[in-house]
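Containing mmCIF, C-alpha atoms: protein.cif.
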data_model
loop_
_atom_site.group_PDB
_atom_site.id
_atom_site.type_symbol
_atom_site.label_atom_id
_atom_site.label_comp_id
_atom_site.auth_asym_id
_atom_site.auth_seq_id
_atom_site.Cartn_x
_atom_site.Cartn_y
_atom_site.Cartn_z
ATOM 1 C CA HIS A 291 83.436 13.323 29.845
ATOM 2 C CA MET A 292 86.536 12.980 27.677
ATOM 3 C CA PHE A 293 84.333 11.634 24.862
ATOM 4 C CA GLN A 294 82.044 14.677 25.162
ATOM 5 C CA SER A 295 84.919 17.168 25.270
ATOM 6 C CA ARG A 296 86.571 15.673 22.146
ATOM 7 C CA CYS A 297 83.400 14.900 20.164
ATOM 8 C CA ALA A 298 80.876 17.431 18.848
ATOM 9 C CA PRO A 299 77.158 16.681 19.413
ATOM 10 C CA ASP A 300 76.676 15.629 15.761
ATOM 11 C CA ALA A 301 79.486 13.097 16.029
ATOM 12 C CA ARG A 302 78.061 11.738 19.298
ATOM 13 C CA ARG A 303 74.585 11.480 17.745
ATOM 14 C CA LYS A 304 76.032 9.591 14.762
ATOM 15 C CA CYS A 305 77.906 7.301 17.140
ATOM 16 C CA ALA A 306 74.686 6.475 19.063
ATOM 17 C CA LEU A 307 72.869 5.708 15.793
ATOM 18 C CA GLN A 308 75.696 3.457 14.573
ATOM 19 C CA LEU A 309 75.576 1.655 17.888
ATOM 20 C CA ALA A 310 71.789 1.265 17.516
ATOM 21 C CA ALA A 311 72.251 -0.230 14.011
ATOM 22 C CA PHE A 312 74.716 -2.747 15.489
ATOM 23 C CA ILE A 313 72.269 -3.605 18.327
ATOM 24 C CA ARG A 314 69.487 -4.057 15.731
ATOM 25 C CA GLN A 315 71.680 -6.530 13.805
ATOM 26 C CA ARG A 316 72.274 -8.434 17.030
ATOM 27 C CA LYS A 317 68.522 -8.585 17.744
ATOM 28 C CA GLY A 318 68.603 -6.230 20.711
ATOM 29 C CA ASP A 319 71.696 -7.682 22.337
ATOM 30 C CA GLY A 320 73.996 -5.020 23.797
ATOM 31 C CA TRP A 321 71.352 -2.304 24.340
ATOM 32 C CA ARG A 322 73.052 -1.364 27.619
ATOM 33 C CA ALA A 323 75.859 0.191 25.562
ATOM 34 C CA LEU A 324 73.430 3.059 24.869
ATOM 35 C CA LEU A 325 72.918 3.807 28.578
ATOM 36 C CA PRO A 326 75.809 6.315 28.864
ATOM 37 C CA PHE A 327 74.274 8.324 25.991
ATOM 38 C CA ALA A 328 70.809 8.277 27.614
ATOM 39 C CA MET A 329 72.071 9.142 31.095
ATOM 40 C CA ALA A 330 75.049 11.411 30.708
ATOM 41 C CA ASP A 331 75.197 13.182 27.348
ATOM 42 C CA GLU A 332 75.111 16.946 27.852
ATOM 43 C CA THR A 333 72.662 17.387 24.927
ATOM 44 C CA PRO A 334 69.044 16.653 25.996
ATOM 45 C CA ASP A 335 68.104 15.622 22.430
ATOM 46 C CA ILE A 336 70.771 12.922 22.395
ATOM 47 C CA ARG A 337 69.655 11.691 25.828
ATOM 48 C CA ARG A 338 66.032 11.566 24.609
ATOM 49 C CA GLN A 339 66.891 9.813 21.341
ATOM 50 C CA SER A 340 69.125 7.261 23.087
ATOM 51 C CA ALA A 341 66.407 6.496 25.663
ATOM 52 C CA PHE A 342 63.931 5.932 22.814
ATOM 53 C CA LEU A 343 66.401 3.518 21.167
ATOM 54 C CA ILE A 344 66.889 1.630 24.440
ATOM 55 C CA TYR A 345 63.104 1.347 24.928
ATOM 56 C CA THR A 346 62.472 0.054 21.421
ATOM 57 C CA LEU A 347 65.537 -2.143 20.789
ATOM 58 C CA ALA A 348 65.915 -4.262 23.940
ATOM 59 C CA ALA A 349 64.733 -7.835 23.388
ATOM 60 C CA PRO A 350 62.039 -9.358 25.637
ATOM 61 C CA GLN A 351 63.392 -11.644 28.377
ATOM 62 C CA PRO A 352 61.540 -14.523 30.054
ATOM 63 C CA GLU A 353 61.340 -12.511 33.293
ATOM 64 C CA GLU A 354 60.815 -9.039 31.762
ATOM 65 C CA ARG A 355 58.885 -8.156 28.607
ATOM 66 C CA PHE A 356 60.389 -4.671 28.188
ATOM 67 C CA PRO A 357 63.882 -4.811 29.722
ATOM 68 C CA GLY A 358 64.982 -1.504 28.152
ATOM 69 C CA ILE A 359 62.099 0.347 29.777
ATOM 70 C CA ALA A 360 62.518 -1.479 33.089
ATOM 71 C CA GLY A 361 66.280 -0.794 32.988
ATOM 72 C CA LEU A 362 65.927 2.950 32.447
ATOM 73 C CA ALA A 363 63.067 3.225 34.971
ATOM 74 C CA ASN A 364 65.478 1.750 37.545
ATOM 75 C CA VAL A 365 68.191 4.227 36.519
ATOM 76 C CA ILE A 366 65.752 7.160 36.811
ATOM 77 C CA CYS A 367 64.857 6.072 40.351
ATOM 78 C CA ALA A 368 68.467 5.466 41.354
ATOM 79 C CA SER A 369 70.003 8.669 40.009
ATOM 80 C CA PRO A 370 71.026 11.086 42.758
ATOM 81 C CA CYS A 371 69.070 14.255 43.385
ATOM 82 C CA PRO A 372 71.071 16.734 41.253
ATOM 83 C CA GLY A 373 71.125 14.133 38.463
ATOM 84 C CA GLN A 374 67.343 13.888 38.539
ATOM 85 C CA ALA A 375 66.701 16.723 36.088
ATOM 86 C CA SER A 376 69.163 15.194 33.598
ATOM 87 C CA MET A 377 66.958 12.081 33.486
ATOM 88 C CA ALA A 378 63.974 14.175 32.302
ATOM 89 C CA PRO A 379 64.636 13.405 28.586
ATOM 90 C CA ALA A 380 64.495 9.658 29.343
ATOM 91 C CA LEU A 381 61.148 10.233 31.068
ATOM 92 C CA ASP A 382 59.943 12.390 28.123
ATOM 93 C CA ALA A 383 60.743 9.621 25.691
ATOM 94 C CA LEU A 384 58.752 7.132 27.778
ATOM 95 C CA MET A 385 55.691 9.392 28.228
ATOM 96 C CA SER A 386 55.787 10.359 24.554
ATOM 97 C CA LEU A 387 55.756 6.715 23.396
ATOM 98 C CA GLY A 388 52.071 6.776 24.367
ATOM 99 C CA ASP A 389 51.675 2.990 24.675
ATOM 100 C CA MET A 390 49.495 1.962 27.638
ATOM 101 C CA ARG A 391 51.503 -1.253 28.124
ATOM 102 C CA PHE A 392 54.220 0.984 29.584
ATOM 103 C CA ALA A 393 51.999 2.483 32.325
ATOM 104 C CA PRO A 394 53.331 0.132 35.065
ATOM 105 C CA TYR A 395 56.867 1.479 34.513
ATOM 106 C CA LEU A 396 55.715 5.075 34.954
ATOM 107 C CA SER A 397 53.863 4.166 38.141
ATOM 108 C CA PHE A 398 57.006 2.322 39.331
ATOM 109 C CA ILE A 399 58.900 5.638 38.929
ATOM 110 C CA SER A 400 56.339 7.753 40.806
ATOM 111 C CA LYS A 401 55.994 5.182 43.603
ATOM 112 C CA ASN A 402 59.758 4.927 44.094
ATOM 113 C CA LEU A 403 60.694 8.610 44.078
ATOM 114 C CA PRO A 404 59.966 10.918 47.020
ATOM 115 C CA PRO A 405 57.842 13.963 46.043
ATOM 116 C CA GLU A 406 60.745 16.423 45.912
ATOM 117 C CA ARG A 407 62.749 14.209 43.533
ATOM 118 C CA LEU A 408 59.655 13.622 41.431
ATOM 119 C CA THR A 409 59.249 17.420 41.213
ATOM 120 C CA ASP A 410 62.864 17.812 39.987
ATOM 121 C CA LEU A 411 62.323 15.121 37.375
ATOM 122 C CA LEU A 412 59.029 16.561 36.111
ATOM 123 C CA ALA A 413 60.308 20.143 36.078
ATOM 124 C CA GLY A 414 62.515 19.378 33.069
ATOM 125 C CA THR A 415 60.002 17.433 30.987
ATOM 126 C CA GLU A 416 59.196 18.239 27.364
ATOM 127 C CA ALA A 417 56.897 15.294 26.677
ATOM 128 C CA ILE A 418 54.181 15.453 24.041
ATOM 129 C CA PRO A 419 50.622 14.892 25.328
ATOM 130 C CA THR A 420 49.623 11.205 25.242
ATOM 131 C CA ASP A 421 46.885 9.283 27.025
ATOM 132 C CA LEU A 422 49.668 7.369 28.800
ATOM 133 C CA GLY A 423 51.535 10.463 30.051
ATOM 134 C CA CYS A 424 48.494 12.545 30.996
ATOM 135 C CA GLY A 425 46.883 9.597 32.799
ATOM 136 C CA TRP A 426 50.080 9.121 34.797
ATOM 137 C CA LEU A 427 50.212 12.804 35.782
ATOM 138 C CA LEU A 428 46.624 12.552 37.053
ATOM 139 C CA ASP A 429 47.571 9.428 39.037
ATOM 140 C CA ILE A 430 50.454 11.363 40.630
ATOM 141 C CA LEU A 431 47.955 14.047 41.701
ATOM 142 C CA ASP A 432 45.854 11.357 43.423
ATOM 143 C CA GLU A 433 48.924 10.269 45.410
ATOM 144 C CA HIS A 434 50.575 13.681 45.884
ATOM 145 C CA PRO A 435 48.007 16.515 45.764
ATOM 146 C CA GLU A 436 50.774 18.835 47.020
ATOM 147 C CA LEU A 437 52.473 18.513 43.603
ATOM 148 C CA SER A 438 49.587 20.290 41.863
ATOM 149 C CA PRO A 439 51.691 23.366 40.829
ATOM 150 C CA THR A 440 54.276 21.084 39.156
ATOM 151 C CA ILE A 441 51.664 18.897 37.433
ATOM 152 C CA ALA A 442 49.724 21.966 36.236
ATOM 153 C CA ALA A 443 52.922 23.415 34.720
ATOM 154 C CA VAL A 444 53.777 20.121 32.959
ATOM 155 C CA LEU A 445 50.237 19.770 31.567
ATOM 156 C CA ALA A 446 50.148 23.414 30.436
ATOM 157 C CA GLY A 447 53.348 22.932 28.436
ATOM 158 C CA MET A 448 52.150 19.846 26.550
ATOM 159 C CA PRO A 449 49.580 20.977 23.924
ATOM 160 C CA SER A 450 52.052 23.271 22.133
ATOM 161 C CA ARG A 451 54.088 20.165 21.216
ATOM 162 C CA ALA A 452 51.370 18.144 19.432
ATOM 163 C CA GLY A 453 48.034 18.776 17.743
ATOM 164 C CA GLU A 454 46.234 15.822 19.326
ATOM 165 C CA VAL A 455 46.459 13.311 22.152
ATOM 166 C CA LEU A 456 47.184 9.747 21.085
ATOM 167 C CA ASP A 457 46.886 6.260 22.475
ATOM 168 C CA VAL A 458 49.086 3.957 20.356
ATOM 169 C CA VAL A 459 50.841 0.604 20.155
ATOM 170 C CA VAL A 460 54.599 0.877 19.613
ATOM 171 C CA PRO A 461 56.284 -2.151 17.993
ATOM 172 C CA VAL A 462 58.802 -3.349 20.592
ATOM 173 C CA PRO A 463 61.381 -4.638 19.830
ATOM 174 C CA SER A 464 61.340 -2.678 16.572
ATOM 175 C CA TRP A 465 63.753 -5.037 14.736
ATOM 176 C CA GLN A 466 61.211 -7.876 15.047
ATOM 177 C CA PHE A 467 58.733 -6.103 12.738
ATOM 178 C CA THR A 468 59.020 -5.522 8.992
ATOM 179 C CA ASN A 469 56.960 -2.365 9.489
ATOM 180 C CA SER A 470 57.986 -0.692 12.736
ATOM 181 C CA ALA A 471 55.513 2.190 12.409
ATOM 182 C CA VAL A 472 53.454 3.141 15.454
ATOM 183 C CA GLN A 473 49.843 1.822 15.326
ATOM 184 C CA PRO A 474 47.312 4.478 16.433
ATOM 185 C CA LEU A 475 44.482 3.100 18.598
ATOM 186 C CA HIS A 476 42.649 6.279 19.540
ATOM 187 C CA SER A 477 43.071 10.025 19.270
ATOM 188 C CA TRP A 478 41.453 13.046 20.914
ATOM 189 C CA SER A 479 41.606 16.696 19.961
ATOM 190 C CA ILE A 480 43.230 18.954 22.570
ATOM 191 C CA PRO A 481 39.845 20.410 23.757
ATOM 192 C CA GLU A 482 38.272 16.908 23.851
ATOM 193 C CA TYR A 483 41.045 15.604 26.055
ATOM 194 C CA ARG A 484 40.777 18.621 28.344
ATOM 195 C CA GLN A 485 37.161 17.564 29.006
ATOM 196 C CA ARG A 486 38.366 14.058 29.869
ATOM 197 C CA MET A 487 40.757 15.449 32.500
ATOM 198 C CA LYS A 488 38.562 18.229 33.850
ATOM 199 C CA GLU A 489 36.769 16.381 36.626
ATOM 200 C CA ARG A 490 39.917 14.803 38.091
ATOM 201 C CA LEU A 491 41.926 18.016 37.813
ATOM 202 C CA SER A 492 39.239 20.098 39.523
ATOM 203 C CA ARG A 493 39.729 18.024 42.696
ATOM 204 C CA TYR A 494 43.304 19.192 43.153
ATOM 205 C CA LEU A 495 44.202 22.301 41.161
ATOM 206 C CA ALA A 496 43.913 25.780 42.600
ATOM 207 C CA PRO A 497 41.729 28.086 40.443
ATOM 208 C CA GLU A 498 44.713 29.839 38.834
ATOM 209 C CA GLU A 499 46.409 26.485 38.066
ATOM 210 C CA GLN A 500 43.153 25.238 36.529
ATOM 211 C CA GLU A 501 42.966 28.393 34.425
ATOM 212 C CA THR A 502 46.541 27.953 33.150
ATOM 213 C CA VAL A 503 45.795 24.361 32.092
ATOM 214 C CA ASP A 504 42.444 25.325 30.523
ATOM 215 C CA ARG A 505 44.042 28.129 28.513
ATOM 216 C CA ALA A 506 46.721 25.801 27.155
ATOM 217 C CA TRP A 507 44.223 23.039 26.309
ATOM 218 C CA SER A 508 41.449 25.149 24.802
#
Please lay out the structure from this file as structure tokens.
Amino acid sequence: HMFQSRCAPDARRKCALQLAAFIRQRKGDGWRALLPFAMADETPDIRRQSAFLIYTLAAPQPEERFPGIAGLANVICASPCPGQASMAPALDALMSLGDMRFAPYLSFISKNLPPERLTDLLAGTEAIPTDLGCGWLLDILDEHPELSPTIAAVLAGMPSRAGEVLDVVVPVPSWQFTNSAVQPLHSWSIPEYRQRMKERLSRYLAPEEQETVDRAWS
């Protein structure tokens, strides 16, 4: 808190990026030093950016292939109820990565949070639409049909943030690759992807919720 009160957001952002450069040099060692930025910074953009750096910099371990993602998924599940909304940027960053290899970590989050805490977490999301994120939201509906208003609102907000829905491979850890660009595997237009979701959504959404989602995805 003292750091935040003495340091402007730009200075804190620069500090997180310098830290990331140091972690890159050390081949992913020390990624936990970014956790305070991802969990507690008062600027959602800095929390989101720091979560992305944690996800993509942490080195694989013998017992865990993506320790940065596993580490933050644990933090998201452990954070107390009022802190839940502040973890939304970390969730956004994970959903927006759009790499299907990360699906088990999303399902770990939804299986370990009670519905009301899951609602708090999802209420603050600004994720872009990806096959990974949308598929997870549909899975949540299967388990918690009562969350349909929340899921409908999250889905309705997504298309304005991206022109298409992607399924990609993200190079993790990024420092291991000379070209760390994301590799696209498949893409759908917004209306195409709406058709993919339609049947599953129609099982759970009330007519007005369905209409809100359809309008956003048309």
Mind dumping a table of every range 446-492 of chain A residue within 12 Å of range 423-428 of chain A, with the nearest atom pair and its distance in Å to one decimal, using all atoms listed in the file, sorted by chain and rising number, as a tab-separated table?
residue	atom	partner	partner_atom	distance
A:Ala446	CA	A:Cys424	CA	11.0
A:Gly447	CA	A:Cys424	CA	11.7
A:Met448	CA	A:Cys424	CA	9.3
A:Pro449	CA	A:Cys424	CA	11.1
A:Val455	CA	A:Cys424	CA	9.1
A:Leu456	CA	A:Gly423	CA	10.0
A:Asp457	CA	A:Gly423	CA	9.8
A:Val458	CA	A:Gly423	CA	11.9
A:Ile480	CA	A:Cys424	CA	11.8
A:Tyr483	CA	A:Cys424	CA	9.4
A:Arg484	CA	A:Cys424	CA	10.2
A:Arg486	CA	A:Gly425	CA	10.1
A:Met487	CA	A:Leu428	CA	8.0
A:Lys488	CA	A:Leu428	CA	10.4
A:Glu489	CA	A:Leu428	CA	10.6
A:Arg490	CA	A:Leu428	CA	7.2
A:Leu491	CA	A:Leu428	CA	7.2
A:Ser492	CA	A:Leu428	CA	10.8
For Ile344 in chain A, which residue out of A:Val503, A:Ala380, A:Ile399, A:Ala471 is the nearest one, using only C-alpha atoms?
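The closest residue to Ile344 in chain A is A:Ala380.
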Enumerate, as a ChimeraX atom specification, the residues matched when the PyMOL selection byres ((chain A and resi 348) around 10) is run on the file above.
/A:313-314,317-322,343-347,349-351,355-359,361,462-465
Can those selected residues be exported to a file as a compact mmCIF listing (two decimals), in the frame of the given file so that it contains C-alpha atoms?
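Contents of out-v7.txt, freshly written:
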# COMPACT_ATOMS: atom_id res chain seq x y z
CA ILE A 313 72.27 -3.60 18.33
CA ARG A 314 69.49 -4.06 15.73
CA LYS A 317 68.52 -8.59 17.74
CA GLY A 318 68.60 -6.23 20.71
CA ASP A 319 71.70 -7.68 22.34
CA GLY A 320 74.00 -5.02 23.80
CA TRP A 321 71.35 -2.30 24.34
CA ARG A 322 73.05 -1.36 27.62
CA LEU A 343 66.40 3.52 21.17
CA ILE A 344 66.89 1.63 24.44
CA TYR A 345 63.10 1.35 24.93
CA THR A 346 62.47 0.05 21.42
CA LEU A 347 65.54 -2.14 20.79
CA ALA A 349 64.73 -7.84 23.39
CA PRO A 350 62.04 -9.36 25.64
CA GLN A 351 63.39 -11.64 28.38
CA ARG A 355 58.88 -8.16 28.61
CA PHE A 356 60.39 -4.67 28.19
CA PRO A 357 63.88 -4.81 29.72
CA GLY A 358 64.98 -1.50 28.15
CA ILE A 359 62.10 0.35 29.78
CA GLY A 361 66.28 -0.79 32.99
CA VAL A 462 58.80 -3.35 20.59
CA PRO A 463 61.38 -4.64 19.83
CA SER A 464 61.34 -2.68 16.57
CA TRP A 465 63.75 -5.04 14.74
CA of Leu408 in chain A and CA of Ala496 in chain A, how far apart in Å?
19.9 Å
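A straight line drawn from CA of Leu309 in chain A to CA of Phe398 in chain A is 28.4 Å long.
Interatomic distance, CA of Ala413 in chain A against CA of Ser438 in chain A: 12.2 Å.
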Pick out the residues sitting within 7 Å of Ser340 in chain A, and hand them over as a PyMOL selection string; count all atoms listed in the file, and ignore anything fewer than 2 positions along from it in its own chain.
chain A and resi 306+324+327-328+336-338+342-344
Please list as a PyMOL selection string every residue within 9 Å of Leu396 in chain A, counting only C-alpha atoms and excluding residues in the same chain fewer than 2 positions away.
chain A and resi 363+381+384-385+392-394+398-401+422-423+426
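With all atoms listed in the file taken into account, every residue lying no more than 12 Å from the file point (42.8, 6.1, 16.6) is included here: Asp421, Glu454, Val455, Leu456, Asp457, Val458, Val459, Val472, Gln473, Pro474, Leu475, His476, Ser477, Trp478 and Ser479 of chain A.
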Here is a test: counting all atoms listed in the file, which residue of A:Pro419, A:Ser470, A:Ile366, A:Gly414 is nearest to Tyr395 in chain A?
A:Ile366
Using all atoms listed in the file - which residues lie no farther than 6 Å from the point (55.3, 15.3, 30.2) in the file's frame? Write them as a PyMOL selection string.
chain A and resi 382+415-417+444
Using the atoms already present, construct N, CA, C and O atoms for range 415-430 of chain A and hand them back as a CSV table (one decimal), keeping the file's coordinate frame.
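The result, written out as result.csv:
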chain,number,residue,atom,x,y,z
A,415,THR,N,60.6,18.3,32.0
A,415,THR,CA,60.0,17.4,31.0
A,415,THR,C,59.5,18.2,29.8
A,415,THR,O,59.1,19.4,29.9
A,416,GLU,N,59.7,17.6,28.6
A,416,GLU,CA,59.2,18.2,27.4
A,416,GLU,C,58.4,17.2,26.6
A,416,GLU,O,58.5,17.1,25.4
A,417,ALA,N,57.6,16.4,27.3
A,417,ALA,CA,56.9,15.3,26.7
A,417,ALA,C,55.7,15.8,25.9
A,417,ALA,O,55.2,16.9,26.2
A,418,ILE,N,55.4,15.1,24.8
A,418,ILE,CA,54.2,15.5,24.0
A,418,ILE,C,53.0,14.9,24.8
A,418,ILE,O,53.1,14.0,25.6
A,419,PRO,N,51.8,15.4,24.6
A,419,PRO,CA,50.6,14.9,25.3
A,419,PRO,C,50.2,13.5,24.8
A,419,PRO,O,50.0,13.4,23.6
A,420,THR,N,50.1,12.5,25.6
A,420,THR,CA,49.6,11.2,25.2
A,420,THR,C,48.7,10.8,26.3
A,420,THR,O,48.7,11.3,27.5
A,421,ASP,N,47.8,9.8,26.0
A,421,ASP,CA,46.9,9.3,27.0
A,421,ASP,C,47.7,8.7,28.2
A,421,ASP,O,47.3,8.8,29.3
A,422,LEU,N,48.8,8.0,27.8
A,422,LEU,CA,49.7,7.4,28.8
A,422,LEU,C,50.2,8.4,29.8
A,422,LEU,O,50.1,8.3,31.0
A,423,GLY,N,50.9,9.5,29.2
A,423,GLY,CA,51.5,10.5,30.1
A,423,GLY,C,50.6,11.3,30.9
A,423,GLY,O,50.8,11.5,32.1
A,424,CYS,N,49.5,11.7,30.3
A,424,CYS,CA,48.5,12.5,31.0
A,424,CYS,C,47.8,11.7,32.1
A,424,CYS,O,47.6,12.2,33.2
A,425,GLY,N,47.5,10.5,31.8
A,425,GLY,CA,46.9,9.6,32.8
A,425,GLY,C,47.8,9.4,34.0
A,425,GLY,O,47.4,9.4,35.2
A,426,TRP,N,49.1,9.3,33.7
A,426,TRP,CA,50.1,9.1,34.8
A,426,TRP,C,50.2,10.4,35.7
A,426,TRP,O,50.2,10.3,36.9
A,427,LEU,N,50.2,11.5,35.0
A,427,LEU,CA,50.2,12.8,35.8
A,427,LEU,C,49.0,12.9,36.7
A,427,LEU,O,49.1,13.4,37.8
A,428,LEU,N,47.8,12.5,36.2
A,428,LEU,CA,46.6,12.6,37.1
A,428,LEU,C,46.7,11.6,38.2
A,428,LEU,O,46.3,11.8,39.3
A,429,ASP,N,47.4,10.4,38.0
A,429,ASP,CA,47.6,9.4,39.0
A,429,ASP,C,48.5,10.0,40.1
A,429,ASP,O,48.3,9.8,41.3
A,430,ILE,N,49.5,10.7,39.7
A,430,ILE,CA,50.5,11.4,40.6
A,430,ILE,C,49.7,12.3,41.5
A,430,ILE,O,49.9,12.4,42.7
